[in-house]
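Only one structure is covered here, and it is reproduced in the block below.
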Amino acid sequence: MGALLQLEGVVSGYGTVRVLDGVDLAVPEGAVVVLLGPNGAGKTTTLRVIAGLLPTWRGRIMFDGARLDGCRPYDVSRRGVILVPEGRGVFPALTVRENLQVASRADVTAGPSQRRGAVDDVLDTFPRLRERLSQAAGTLSGGEQQMLALGRGLLARPRLLVIDELSLGLAPQVVEQLFATVAELKARHQTVLLVEQYVTHALHVADLCCILDKGRVAFVGDGGELRSADVLTELYMGQRSPRSGT
Ligand code: ATP
């Protein structure tokens with residue numbers, strides 16, 4: 001599998017504060033890549049840089065063989081990189097139906113009947129949403145809002161779906177359901193980059209796991225390699241900094 005997305009030595013941050021310190025990351029076409037790491041490691045910042053919401057100070061981002069860094073968020077999404085941000089990313093005052101209809105318009109190549117079909121597909125994936133079509137999105141439960149946010153992301157027909165904190169603050173049962181959806185996407189060869197805190201679930205679904213620590217990728221491998229390398233304990237328990245080499 002060739003890399004659909006590739007970050008090479010990406011440096012970025014906020015104002016004058018450097019947060020990403022040379023991030024190297026490859027997301028192969030058709031793979032689910034999970035980005036793990038302790039709080040404040042720069043996971044969300046990495047996704048923001050990819051989405052064009054933050055500038056790349058140094059390094060470069062390649063997507064499908066062309067530069068992505070320097071593109072505005074609108075252009076990034078036009079090229080098929082769709083971010084489902086932390087905090088759900090739905091329009092709270094619009095109903096579920098309206099949220100999906102608005103998102104379906106992102107696919108400018110589709111006609112009205114194709115758009116309706118795409119919305120139906122999302123409702124088949126998340127039957128809970130079908131029961132709540134007329135409800136304002138802001139009154140949905142956290143899990144339902146996350147389903148809606150994912151559904152909206154899928155309606156843009158992403159080449160790369162980028163999801164920040166899929167399971168943040170959600171009940172274990174809902175988390176399982178969301179990960180089942182990610183597994184379905186994987187079966188359909190949807191390329192996904194996912195930031196996640198639930199390590200166990202993440203390891204099940206991931207083709208590749210990357211651990212970010214202090215603004216750099218400290219480990220890349222599959223779930224088995226990650227478990228056997230003990231890096232999880234070392235990084236999350238703060239016993240060792242991989243950059244200090246001690
Ligand atoms: P978490 O798991 O806690 O969400 P994370 O790995 O996603 O952490 P980021 O949100 O990328 O980490 O934050 C990395 C660093 O950047 C942190 O030190 C954070 O305080 C800082 N930071 C994040 N957003 C901003 C901002 N808007 N302005 C200034 N600093 C920020």
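Just so we're on the same page: first chain in the structure tokens is A, next is B, and so on; residues restart at 1 for each chain, and ligands are numbered from 1 in the order they show up.
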
Practice problem: Return as number ranges by chain the residues of protein, DNA or RNA that approach ligand 1 to within 12 Å, with only C-alpha atoms and all ligand atoms taken into account. | Solution: A: 12-21, 35-49, 53-54, 85-87, 163-168, 194-198, 211-217, 236

Practice problem: May I have the residues within 7 Å of segment 89-94 of chain A as a PyMOL selection string, using only C-alpha atoms and disregarding those fewer than 6 positions away in the same chain? | Solution: chain A and resi 136-138+149

Kindly export the residues of the current selection with all heavy atoms, as a PDB file, in the first residue's frame.
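Saved the output as out36.pdb:
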```pdb
ATOM      1  N   ALA A 136     -33.519  18.319  17.056  1.00  0.00           N
ATOM      2  CA  ALA A 136     -32.380  19.240  16.925  1.00  0.00           C
ATOM      3  C   ALA A 136     -31.115  18.523  17.366  1.00  0.00           C
ATOM      4  O   ALA A 136     -31.099  17.846  18.405  1.00  0.00           O
ATOM      5  CB  ALA A 136     -32.612  20.473  17.786  1.00  0.00           C
ATOM      6  N   ALA A 137     -30.051  18.691  16.578  1.00  0.00           N
ATOM      7  CA  ALA A 137     -28.810  17.950  16.857  1.00  0.00           C
ATOM      8  C   ALA A 137     -28.260  18.261  18.250  1.00  0.00           C
ATOM      9  O   ALA A 137     -27.705  17.392  18.916  1.00  0.00           O
ATOM     10  CB  ALA A 137     -27.765  18.269  15.798  1.00  0.00           C
ATOM     11  N   GLY A 138     -28.467  19.511  18.695  1.00  0.00           N
ATOM     12  CA  GLY A 138     -27.945  19.913  20.001  1.00  0.00           C
ATOM     13  C   GLY A 138     -28.594  19.183  21.162  1.00  0.00           C
ATOM     14  O   GLY A 138     -28.055  19.191  22.278  1.00  0.00           O
ATOM     15  N   ALA A 149     -21.943  13.297  13.580  1.00  0.00           N
ATOM     16  CA  ALA A 149     -20.712  13.930  13.073  1.00  0.00           C
ATOM     17  C   ALA A 149     -19.988  12.989  12.106  1.00  0.00           C
ATOM     18  O   ALA A 149     -19.508  13.414  11.049  1.00  0.00           O
ATOM     19  CB  ALA A 149     -19.804  14.296  14.234  1.00  0.00           C
TER      20      ALA A 149
END
```

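Around Val11 of chain A, within 7 Å and counting only C-alpha atoms, the residues found are Gly9, Leu20, Asp21, Gly22, Val23, Thr56, Trp57, Arg58 and Gly59 of chain A, once anything fewer than 2 positions away on its own chain is removed.
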
Quiz item: What lies within 9 Å of segment 30-34 of chain A using only C-alpha atoms, ignoring chain neighbours under 4 positions off, as a PyMOL selection string?
Solution: chain A and resi 1+4+26+160+182-183+185-186+188-196+202-203+205-211

Selected residues written out, N, CA, C and O atoms, as a short mmCIF file (atom, residue, chain, number, x, y, z; two decimals), in the first residue's frame:
```cif
data_model
loop_
_atom_site.label_atom_id
_atom_site.label_comp_id
_atom_site.auth_asym_id
_atom_site.auth_seq_id
_atom_site.Cartn_x
_atom_site.Cartn_y
_atom_site.Cartn_z
N MET A 1 0.84 -1.20 0.00
CA MET A 1 0.00 0.00 0.00
C MET A 1 0.88 1.25 0.00
O MET A 1 1.75 1.38 0.86
N LEU A 4 -1.14 7.45 1.25
CA LEU A 4 -2.06 8.45 0.72
C LEU A 4 -1.70 9.81 1.32
O LEU A 4 -1.69 10.82 0.64
N ALA A 26 2.96 8.45 8.12
CA ALA A 26 2.45 8.01 6.82
C ALA A 26 1.14 7.26 7.04
O ALA A 26 1.04 6.40 7.92
N LEU A 160 -9.83 10.54 2.72
CA LEU A 160 -9.22 10.31 4.03
C LEU A 160 -10.14 10.91 5.09
O LEU A 160 -10.42 12.12 5.06
N VAL A 182 -16.12 1.91 12.66
CA VAL A 182 -14.78 2.10 12.09
C VAL A 182 -14.32 0.78 11.44
O VAL A 182 -13.73 0.78 10.35
N ALA A 183 -14.63 -0.35 12.09
CA ALA A 183 -14.25 -1.65 11.51
C ALA A 183 -14.96 -1.86 10.17
O ALA A 183 -14.37 -2.40 9.22
N LEU A 185 -15.93 0.55 8.14
CA LEU A 185 -15.26 1.45 7.18
C LEU A 185 -13.98 0.81 6.67
O LEU A 185 -13.65 0.86 5.49
N LYS A 186 -13.27 0.17 7.60
CA LYS A 186 -12.02 -0.49 7.23
C LYS A 186 -12.29 -1.61 6.22
O LYS A 186 -11.56 -1.76 5.24
N ARG A 188 -14.51 -1.63 4.12
CA ARG A 188 -14.82 -0.99 2.82
C ARG A 188 -13.60 -0.27 2.24
O ARG A 188 -13.70 0.52 1.32
N HIS A 189 -12.44 -0.44 2.89
CA HIS A 189 -11.16 0.16 2.44
C HIS A 189 -11.16 1.68 2.54
O HIS A 189 -10.46 2.35 1.78
N GLN A 190 -11.98 2.20 3.45
CA GLN A 190 -11.94 3.64 3.70
C GLN A 190 -10.64 3.94 4.47
O GLN A 190 -10.34 3.28 5.46
N THR A 191 -9.89 4.93 4.01
CA THR A 191 -8.67 5.32 4.73
C THR A 191 -9.07 6.22 5.91
O THR A 191 -9.84 7.17 5.73
N VAL A 192 -8.54 5.90 7.09
CA VAL A 192 -8.93 6.63 8.30
C VAL A 192 -7.68 6.97 9.13
O VAL A 192 -6.81 6.12 9.32
N LEU A 193 -7.64 8.19 9.60
CA LEU A 193 -6.65 8.58 10.62
C LEU A 193 -7.44 8.99 11.85
O LEU A 193 -8.30 9.87 11.78
N LEU A 194 -7.13 8.33 12.95
CA LEU A 194 -7.99 8.44 14.13
C LEU A 194 -7.15 8.76 15.36
O LEU A 194 -6.16 8.08 15.63
N VAL A 195 -7.54 9.81 16.08
CA VAL A 195 -6.94 10.06 17.39
C VAL A 195 -7.83 9.41 18.43
O VAL A 195 -9.05 9.58 18.40
N GLU A 196 -7.24 8.66 19.33
CA GLU A 196 -8.07 7.89 20.25
C GLU A 196 -7.41 7.73 21.62
O GLU A 196 -6.20 7.66 21.72
N ALA A 202 -8.66 0.78 20.01
CA ALA A 202 -7.86 1.31 18.91
C ALA A 202 -6.95 0.23 18.34
O ALA A 202 -6.83 0.07 17.12
N LEU A 203 -6.34 -0.55 19.23
CA LEU A 203 -5.39 -1.57 18.77
C LEU A 203 -6.10 -2.65 17.95
O LEU A 203 -5.52 -3.21 17.03
N VAL A 205 -8.65 -2.30 15.91
CA VAL A 205 -9.08 -1.87 14.58
C VAL A 205 -7.91 -1.34 13.72
O VAL A 205 -7.99 -1.30 12.50
N ALA A 206 -6.81 -0.98 14.38
CA ALA A 206 -5.74 -0.27 13.66
C ALA A 206 -4.88 -1.20 12.81
O ALA A 206 -4.51 -2.29 13.25
N ASP A 207 -4.56 -0.75 11.60
CA ASP A 207 -3.51 -1.41 10.82
C ASP A 207 -2.16 -0.93 11.32
O ASP A 207 -1.18 -1.67 11.32
N LEU A 208 -2.13 0.32 11.71
CA LEU A 208 -0.89 0.93 12.20
C LEU A 208 -1.20 1.81 13.40
O LEU A 208 -2.21 2.51 13.40
N CYS A 209 -0.31 1.77 14.38
CA CYS A 209 -0.45 2.66 15.53
C CYS A 209 0.77 3.57 15.57
O CYS A 209 1.90 3.11 15.39
N CYS A 210 0.52 4.86 15.80
CA CYS A 210 1.63 5.79 15.96
C CYS A 210 1.49 6.42 17.33
O CYS A 210 0.40 6.83 17.70
N ILE A 211 2.59 6.50 18.03
CA ILE A 211 2.54 7.20 19.31
C ILE A 211 3.27 8.52 19.17
O ILE A 211 4.41 8.56 18.72
#
```

Practice problem: Return as a PyMOL selection string the full set of residues in segment 13-197 of chain A whose backbone-based DSSP assignment is alpha helix (DSSP H). | Solution: chain A and resi 43-50+73-78+96-104+112-125+127-130+142-155+172-187

Exercise. Excluding segment 153-158 of chain A and residues on its chain fewer than 4 positions from it, collect all residues at most 6 Å away from it, counting only C-alpha atoms, and give them as a ChimeraX atom specification.
Key: /A:80-82,103-104,106-107

Quiz item: Taking the backbone alone, and naming residues the way the document does, which bits of segment 190-236 of chain A are strand (DSSP E) by DSSP, as a list of chain:residue names?
Solution: A:Thr191, A:Val192, A:Leu193, A:Leu194, A:Val195, A:Leu208, A:Cys209, A:Cys210, A:Ile211, A:Leu212, A:Asp213, A:Arg216, A:Val217, A:Ala218, A:Phe219, A:Val220, A:Gly221

Take the residues from that selection and put them in a file with all heavy atoms, as a CSV table (one decimal), in the first residue's frame.
```csv
chain,number,residue,atom,x,y,z
A,191,THR,N,-9.9,4.9,4.0
A,191,THR,CA,-8.7,5.3,4.7
A,191,THR,C,-9.1,6.2,5.9
A,191,THR,O,-9.8,7.2,5.7
A,191,THR,CB,-7.7,6.1,3.8
A,191,THR,OG1,-7.6,5.4,2.6
A,191,THR,CG2,-6.3,6.2,4.4
A,192,VAL,N,-8.5,5.9,7.1
A,192,VAL,CA,-8.9,6.6,8.3
A,192,VAL,C,-7.7,7.0,9.1
A,192,VAL,O,-6.8,6.1,9.3
A,192,VAL,CB,-9.9,5.8,9.2
A,192,VAL,CG1,-10.3,6.5,10.5
A,192,VAL,CG2,-11.2,5.4,8.4
A,193,LEU,N,-7.6,8.2,9.6
A,193,LEU,CA,-6.6,8.6,10.6
A,193,LEU,C,-7.4,9.0,11.9
A,193,LEU,O,-8.3,9.9,11.8
A,193,LEU,CB,-5.8,9.8,10.1
A,193,LEU,CG,-4.8,10.4,11.1
A,193,LEU,CD1,-3.8,9.3,11.6
A,193,LEU,CD2,-4.1,11.6,10.5
A,194,LEU,N,-7.1,8.3,12.9
A,194,LEU,CA,-8.0,8.4,14.1
A,194,LEU,C,-7.1,8.8,15.4
A,194,LEU,O,-6.2,8.1,15.6
A,194,LEU,CB,-8.7,7.1,14.3
A,194,LEU,CG,-9.5,6.7,15.5
A,194,LEU,CD1,-10.8,7.5,15.4
A,194,LEU,CD2,-9.8,5.2,15.5
A,195,VAL,N,-7.5,9.8,16.1
A,195,VAL,CA,-6.9,10.1,17.4
A,195,VAL,C,-7.8,9.4,18.4
A,195,VAL,O,-9.1,9.6,18.4
A,195,VAL,CB,-6.8,11.6,17.7
A,195,VAL,CG1,-6.6,11.8,19.1
A,195,VAL,CG2,-5.7,12.2,16.9
A,208,LEU,N,-2.1,0.3,11.7
A,208,LEU,CA,-0.9,0.9,12.2
A,208,LEU,C,-1.2,1.8,13.4
A,208,LEU,O,-2.2,2.5,13.4
A,208,LEU,CB,-0.3,1.8,11.1
A,208,LEU,CG,0.8,1.3,10.2
A,208,LEU,CD1,1.3,2.4,9.3
A,208,LEU,CD2,1.9,0.6,10.9
A,209,CYS,N,-0.3,1.8,14.4
A,209,CYS,CA,-0.5,2.7,15.5
A,209,CYS,C,0.8,3.6,15.6
A,209,CYS,O,1.9,3.1,15.4
A,209,CYS,CB,-0.5,1.9,16.8
A,209,CYS,SG,-1.7,0.6,16.9
A,210,CYS,N,0.5,4.9,15.8
A,210,CYS,CA,1.6,5.8,16.0
A,210,CYS,C,1.5,6.4,17.3
A,210,CYS,O,0.4,6.8,17.7
A,210,CYS,CB,1.6,6.9,14.9
A,210,CYS,SG,1.7,6.3,13.3
A,211,ILE,N,2.6,6.5,18.0
A,211,ILE,CA,2.5,7.2,19.3
A,211,ILE,C,3.3,8.5,19.2
A,211,ILE,O,4.4,8.6,18.7
A,211,ILE,CB,3.2,6.4,20.4
A,211,ILE,CG1,2.4,5.1,20.6
A,211,ILE,CG2,3.2,7.2,21.7
A,211,ILE,CD1,2.8,4.3,21.8
A,212,LEU,N,2.5,9.6,19.5
A,212,LEU,CA,3.1,10.9,19.5
A,212,LEU,C,3.5,11.3,20.9
A,212,LEU,O,2.7,11.0,21.9
A,212,LEU,CB,2.0,11.9,19.0
A,212,LEU,CG,2.5,13.2,18.4
A,212,LEU,CD1,3.3,12.9,17.1
A,212,LEU,CD2,1.3,14.1,18.0
A,213,ASP,N,4.7,11.8,21.1
A,213,ASP,CA,5.1,12.2,22.4
A,213,ASP,C,5.9,13.5,22.2
A,213,ASP,O,6.9,13.5,21.4
A,213,ASP,CB,6.0,11.1,23.0
A,213,ASP,CG,6.4,11.5,24.5
A,213,ASP,OD1,5.5,12.0,25.2
A,213,ASP,OD2,7.5,11.3,24.8
A,216,ARG,N,6.6,14.7,18.6
A,216,ARG,CA,7.3,13.8,17.6
A,216,ARG,C,6.7,12.4,17.7
A,216,ARG,O,6.2,12.0,18.7
A,216,ARG,CB,8.7,13.7,18.0
A,216,ARG,CG,9.6,14.9,17.5
A,216,ARG,CD,11.0,14.5,17.5
A,216,ARG,NE,11.8,15.6,17.3
A,216,ARG,CZ,13.1,15.6,17.3
A,216,ARG,NH1,13.8,14.5,17.4
A,216,ARG,NH2,13.8,16.7,17.1
A,217,VAL,N,6.8,11.7,16.6
A,217,VAL,CA,6.3,10.3,16.6
A,217,VAL,C,7.4,9.5,17.2
A,217,VAL,O,8.6,9.4,16.8
A,217,VAL,CB,6.0,9.9,15.1
A,217,VAL,CG1,5.7,8.4,15.1
A,217,VAL,CG2,4.9,10.6,14.5
A,218,ALA,N,7.0,8.8,18.3
A,218,ALA,CA,8.0,8.1,19.1
A,218,ALA,C,7.9,6.6,18.8
A,218,ALA,O,8.8,5.8,19.1
A,218,ALA,CB,7.7,8.2,20.6
A,219,PHE,N,6.8,6.1,18.1
A,219,PHE,CA,6.7,4.7,17.8
A,219,PHE,C,5.7,4.6,16.6
A,219,PHE,O,4.7,5.2,16.6
A,219,PHE,CB,6.2,4.0,19.0
A,219,PHE,CG,5.9,2.5,18.8
A,219,PHE,CD1,6.9,1.6,18.9
A,219,PHE,CD2,4.7,2.1,18.3
A,219,PHE,CE1,6.7,0.2,18.7
A,219,PHE,CE2,4.4,0.7,18.0
A,219,PHE,CZ,5.5,-0.2,18.2
A,220,VAL,N,6.1,3.6,15.7
A,220,VAL,CA,5.1,3.2,14.7
A,220,VAL,C,5.2,1.7,14.6
A,220,VAL,O,6.2,1.1,14.5
A,220,VAL,CB,5.5,3.8,13.3
A,220,VAL,CG1,4.5,3.4,12.2
A,220,VAL,CG2,5.6,5.3,13.3
A,221,GLY,N,4.0,1.1,14.6
A,221,GLY,CA,4.0,-0.4,14.5
A,221,GLY,C,2.5,-0.8,14.5
A,221,GLY,O,1.6,0.0,14.7
```

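Across the model, the gap from atom CA of Arg78 of chain A to atom CA of Gly65 of chain A is 15.5 Å.
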